[in-house]
Amino acid sequence: MADFYAAVHEPFRPLFVARNAALDADDDEAMMRIDDEIGAALTLTRPDGSRVAEFLLSVEGDEAGFRWLDEPVTDE
């Protein structure tokens with residue numbers, strides 16, 4: 001399997017390295033901040049081309065995982 005970080009993805013590697021380090025350190029505040037940075041830098045779309053409301057994306061080596069929601073998360 002090819003490395004996930006093709007030339008177009010390489011600029012985002014530091015975000016995912018930092019996210020994995022925050023996860024390993026149980027640093028929830030850092031993970032939330034980094035997830036916000038990832039969400040601001042990238043989009044996740046459905047097969048029909050429409051954007052999902054919220055998503056979490058994790059990458060480690062050549063493996064990626066994601067979760068998405070139809071509705072934005074609120075602080076209520």
# chains A, B, ... in the order shown; residues from 1 in each chain; ligands from 1
>>> residues_around(residues="A:Ile34", least_positions_apart="4", cutoff="12 Å", atoms="only C-alpha atoms", output="short mmCIF file (atom, residue, chain, number, x, y, z; two decimals) with N, CA, C and O atoms, in the first residue's frame")
data_model
loop_
_atom_site.label_atom_id
_atom_site.label_comp_id
_atom_site.auth_asym_id
_atom_site.auth_seq_id
_atom_site.Cartn_x
_atom_site.Cartn_y
_atom_site.Cartn_z
N PHE A 12 0.42 18.37 5.60
CA PHE A 12 -0.44 18.12 6.75
C PHE A 12 0.15 17.10 7.72
O PHE A 12 -0.40 16.87 8.79
N ARG A 13 1.26 16.47 7.34
CA ARG A 13 1.86 15.45 8.20
C ARG A 13 2.09 15.95 9.62
O ARG A 13 1.76 15.25 10.58
N PRO A 14 2.64 17.16 9.83
CA PRO A 14 2.87 17.62 11.21
C PRO A 14 1.59 17.66 12.06
O PRO A 14 1.64 17.39 13.26
N LEU A 15 0.47 17.97 11.45
CA LEU A 15 -0.79 17.98 12.22
C LEU A 15 -1.12 16.58 12.73
O LEU A 15 -1.52 16.41 13.89
N PHE A 16 -0.97 15.58 11.87
CA PHE A 16 -1.32 14.23 12.27
C PHE A 16 -0.31 13.63 13.24
O PHE A 16 -0.68 12.89 14.15
N VAL A 17 0.95 13.99 13.08
CA VAL A 17 1.98 13.56 14.05
C VAL A 17 1.66 14.16 15.42
O VAL A 17 1.70 13.47 16.44
N ALA A 18 1.32 15.45 15.44
CA ALA A 18 0.99 16.12 16.70
C ALA A 18 -0.29 15.54 17.31
O ALA A 18 -0.38 15.37 18.53
N ARG A 19 -1.28 15.23 16.47
CA ARG A 19 -2.52 14.65 16.97
C ARG A 19 -2.26 13.29 17.62
O ARG A 19 -2.77 12.97 18.69
N ASN A 20 -1.44 12.46 16.96
CA ASN A 20 -1.12 11.15 17.53
C ASN A 20 -0.35 11.29 18.84
O ASN A 20 -0.59 10.53 19.78
N ALA A 21 0.54 12.26 18.93
CA ALA A 21 1.29 12.49 20.18
C ALA A 21 0.34 12.94 21.28
O ALA A 21 0.46 12.50 22.44
N ALA A 22 -0.61 13.82 20.96
CA ALA A 22 -1.58 14.29 21.96
C ALA A 22 -2.46 13.13 22.41
O ALA A 22 -2.79 13.01 23.60
N LEU A 23 -2.84 12.27 21.49
CA LEU A 23 -3.64 11.09 21.84
C LEU A 23 -2.87 10.18 22.79
O LEU A 23 -3.40 9.74 23.81
N ASP A 27 -3.82 14.09 26.10
CA ASP A 27 -3.96 15.54 26.15
C ASP A 27 -5.18 15.95 25.32
O ASP A 27 -5.06 16.30 24.15
N ASP A 28 -6.34 15.91 25.95
CA ASP A 28 -7.59 16.18 25.25
C ASP A 28 -7.65 17.60 24.69
O ASP A 28 -8.16 17.82 23.58
N GLU A 29 -7.15 18.56 25.43
CA GLU A 29 -7.17 19.96 24.98
C GLU A 29 -6.37 20.12 23.69
O GLU A 29 -6.83 20.76 22.73
N ALA A 30 -5.18 19.54 23.65
CA ALA A 30 -4.35 19.62 22.45
C ALA A 30 -5.02 18.88 21.29
O ALA A 30 -5.01 19.35 20.15
N ILE A 38 -7.16 20.65 11.74
CA ILE A 38 -7.35 19.72 10.63
C ILE A 38 -8.66 20.05 9.91
O ILE A 38 -8.70 20.10 8.68
N GLY A 39 -9.73 20.30 10.68
CA GLY A 39 -11.02 20.64 10.09
C GLY A 39 -10.99 21.94 9.30
O GLY A 39 -11.71 22.09 8.31
N ALA A 40 -10.15 22.88 9.72
CA ALA A 40 -10.03 24.14 9.00
C ALA A 40 -9.21 23.99 7.72
O ALA A 40 -9.42 24.71 6.75
N ALA A 41 -8.28 23.03 7.72
CA ALA A 41 -7.38 22.86 6.58
C ALA A 41 -7.92 21.91 5.51
O ALA A 41 -7.57 22.03 4.34
N LEU A 56 -13.83 13.75 12.05
CA LEU A 56 -12.55 13.49 12.71
C LEU A 56 -11.75 12.64 11.76
O LEU A 56 -12.26 11.66 11.21
N LEU A 57 -10.50 12.98 11.54
CA LEU A 57 -9.63 12.24 10.64
C LEU A 57 -8.34 11.94 11.38
O LEU A 57 -7.74 12.82 11.99
N SER A 58 -7.94 10.68 11.36
CA SER A 58 -6.67 10.31 11.97
C SER A 58 -5.84 9.57 10.93
O SER A 58 -6.36 8.82 10.12
#
>>> residues_around(residues="A:Thr45", least_positions_apart="5", cutoff="10 Å", atoms="only C-alpha atoms", output="ChimeraX atom specification")
/A:50-53,55,68
>>> write_last_selection(atoms="all heavy atoms", output="PDB file, in the first residue's frame")
ATOM      1  N   SER A  50     -21.132  16.559  -1.712  1.00  0.00           N
ATOM      2  CA  SER A  50     -21.501  17.507  -0.655  1.00  0.00           C
ATOM      3  C   SER A  50     -20.603  17.301   0.564  1.00  0.00           C
ATOM      4  O   SER A  50     -20.138  16.199   0.839  1.00  0.00           O
ATOM      5  CB  SER A  50     -22.975  17.358  -0.276  1.00  0.00           C
ATOM      6  OG  SER A  50     -23.233  16.063   0.237  1.00  0.00           O
ATOM      7  N   ARG A  51     -20.351  18.389   1.276  1.00  0.00           N
ATOM      8  CA  ARG A  51     -19.478  18.344   2.451  1.00  0.00           C
ATOM      9  C   ARG A  51     -20.224  17.786   3.656  1.00  0.00           C
ATOM     10  O   ARG A  51     -21.406  18.038   3.832  1.00  0.00           O
ATOM     11  CB  ARG A  51     -18.975  19.739   2.782  1.00  0.00           C
ATOM     12  CG  ARG A  51     -18.070  20.313   1.715  1.00  0.00           C
ATOM     13  CD  ARG A  51     -17.764  21.751   1.977  1.00  0.00           C
ATOM     14  NE  ARG A  51     -16.654  21.838   2.918  1.00  0.00           N
ATOM     15  CZ  ARG A  51     -16.044  22.956   3.228  1.00  0.00           C
ATOM     16  NH1 ARG A  51     -16.444  24.093   2.705  1.00  0.00           N
ATOM     17  NH2 ARG A  51     -15.045  22.955   4.077  1.00  0.00           N
ATOM     18  N   VAL A  52     -19.512  17.046   4.490  1.00  0.00           N
ATOM     19  CA  VAL A  52     -20.087  16.599   5.758  1.00  0.00           C
ATOM     20  C   VAL A  52     -19.991  17.752   6.749  1.00  0.00           C
ATOM     21  O   VAL A  52     -19.143  18.641   6.612  1.00  0.00           O
ATOM     22  CB  VAL A  52     -19.389  15.332   6.305  1.00  0.00           C
ATOM     23  CG1 VAL A  52     -19.481  14.193   5.311  1.00  0.00           C
ATOM     24  CG2 VAL A  52     -17.953  15.595   6.682  1.00  0.00           C
ATOM     25  N   ALA A  53     -20.873  17.760   7.748  1.00  0.00           N
ATOM     26  CA  ALA A  53     -20.916  18.869   8.706  1.00  0.00           C
ATOM     27  C   ALA A  53     -19.703  18.868   9.639  1.00  0.00           C
ATOM     28  O   ALA A  53     -19.101  19.911   9.886  1.00  0.00           O
ATOM     29  CB  ALA A  53     -22.204  18.804   9.516  1.00  0.00           C
ATOM     30  N   PHE A  55     -16.221  16.252  11.050  1.00  0.00           N
ATOM     31  CA  PHE A  55     -15.494  14.994  10.877  1.00  0.00           C
ATOM     32  C   PHE A  55     -14.258  14.962  11.759  1.00  0.00           C
ATOM     33  O   PHE A  55     -13.744  15.997  12.170  1.00  0.00           O
ATOM     34  CB  PHE A  55     -15.100  14.760   9.409  1.00  0.00           C
ATOM     35  CG  PHE A  55     -14.053  15.696   8.885  1.00  0.00           C
ATOM     36  CD1 PHE A  55     -12.713  15.351   8.926  1.00  0.00           C
ATOM     37  CD2 PHE A  55     -14.398  16.915   8.334  1.00  0.00           C
ATOM     38  CE1 PHE A  55     -11.735  16.200   8.435  1.00  0.00           C
ATOM     39  CE2 PHE A  55     -13.441  17.773   7.835  1.00  0.00           C
ATOM     40  CZ  PHE A  55     -12.102  17.418   7.885  1.00  0.00           C
ATOM     41  N   TRP A  68     -17.678  10.835  10.681  1.00  0.00           N
ATOM     42  CA  TRP A  68     -18.313  12.080  10.280  1.00  0.00           C
ATOM     43  C   TRP A  68     -19.739  12.130  10.785  1.00  0.00           C
ATOM     44  O   TRP A  68     -20.339  11.114  11.129  1.00  0.00           O
ATOM     45  CB  TRP A  68     -18.246  12.278   8.777  1.00  0.00           C
ATOM     46  CG  TRP A  68     -18.949  11.223   7.967  1.00  0.00           C
ATOM     47  CD1 TRP A  68     -18.430  10.026   7.572  1.00  0.00           C
ATOM     48  CD2 TRP A  68     -20.284  11.267   7.479  1.00  0.00           C
ATOM     49  NE1 TRP A  68     -19.362   9.326   6.870  1.00  0.00           N
ATOM     50  CE2 TRP A  68     -20.515  10.066   6.784  1.00  0.00           C
ATOM     51  CE3 TRP A  68     -21.303  12.206   7.554  1.00  0.00           C
ATOM     52  CZ2 TRP A  68     -21.724   9.778   6.171  1.00  0.00           C
ATOM     53  CZ3 TRP A  68     -22.510  11.902   6.944  1.00  0.00           C
ATOM     54  CH2 TRP A  68     -22.708  10.710   6.258  1.00  0.00           C
TER      55      TRP A  68
END
>>> atom_distance(atom1="atom CA of A:Phe66", atom2="atom CA of A:Thr43")
11.7 Å
>>> select_by_dssp(residues="stretch 35-66 of chain A", states="alpha helix (DSSP H)", output="JSON, numbers by chain")
{"A": [35, 36, 37, 38, 39, 40, 41]}
>>> select_by_dssp(residues="stretch 21-73 of chain A", states="strand (DSSP E)", output="compact mmCIF listing (two decimals) with C-alpha atoms, in the first residue's frame")
# COMPACT_ATOMS: atom_id res chain seq x y z
CA GLU A 54 -18.25 17.59 11.12
CA PHE A 55 -15.49 14.99 10.88
CA LEU A 56 -12.55 13.49 12.71
CA LEU A 57 -9.63 12.24 10.64
CA SER A 58 -6.67 10.31 11.97
CA VAL A 59 -3.62 9.17 10.03
CA GLU A 60 -0.75 7.00 11.17
CA GLU A 63 -3.46 4.02 7.49
CA ALA A 64 -6.24 6.57 7.86
CA GLY A 65 -9.52 6.48 9.72
CA PHE A 66 -12.41 8.88 9.87
CA ARG A 67 -15.79 9.53 11.45
CA TRP A 68 -18.31 12.08 10.28
CA LEU A 69 -21.62 13.62 11.33
>>> atom_distance(atom1="atom CA of A:Leu42", atom2="atom CA of A:Thr74")
19.9 Å
>>> atom_distance(atom1="atom CA of A:Pro47", atom2="atom CA of A:Asp70")
13.7 Å
>>> closest_residue(among="A:Leu44, A:Asp24, A:Gly49, A:His9", to="A:Asp62", atoms="only C-alpha atoms")
A:His9
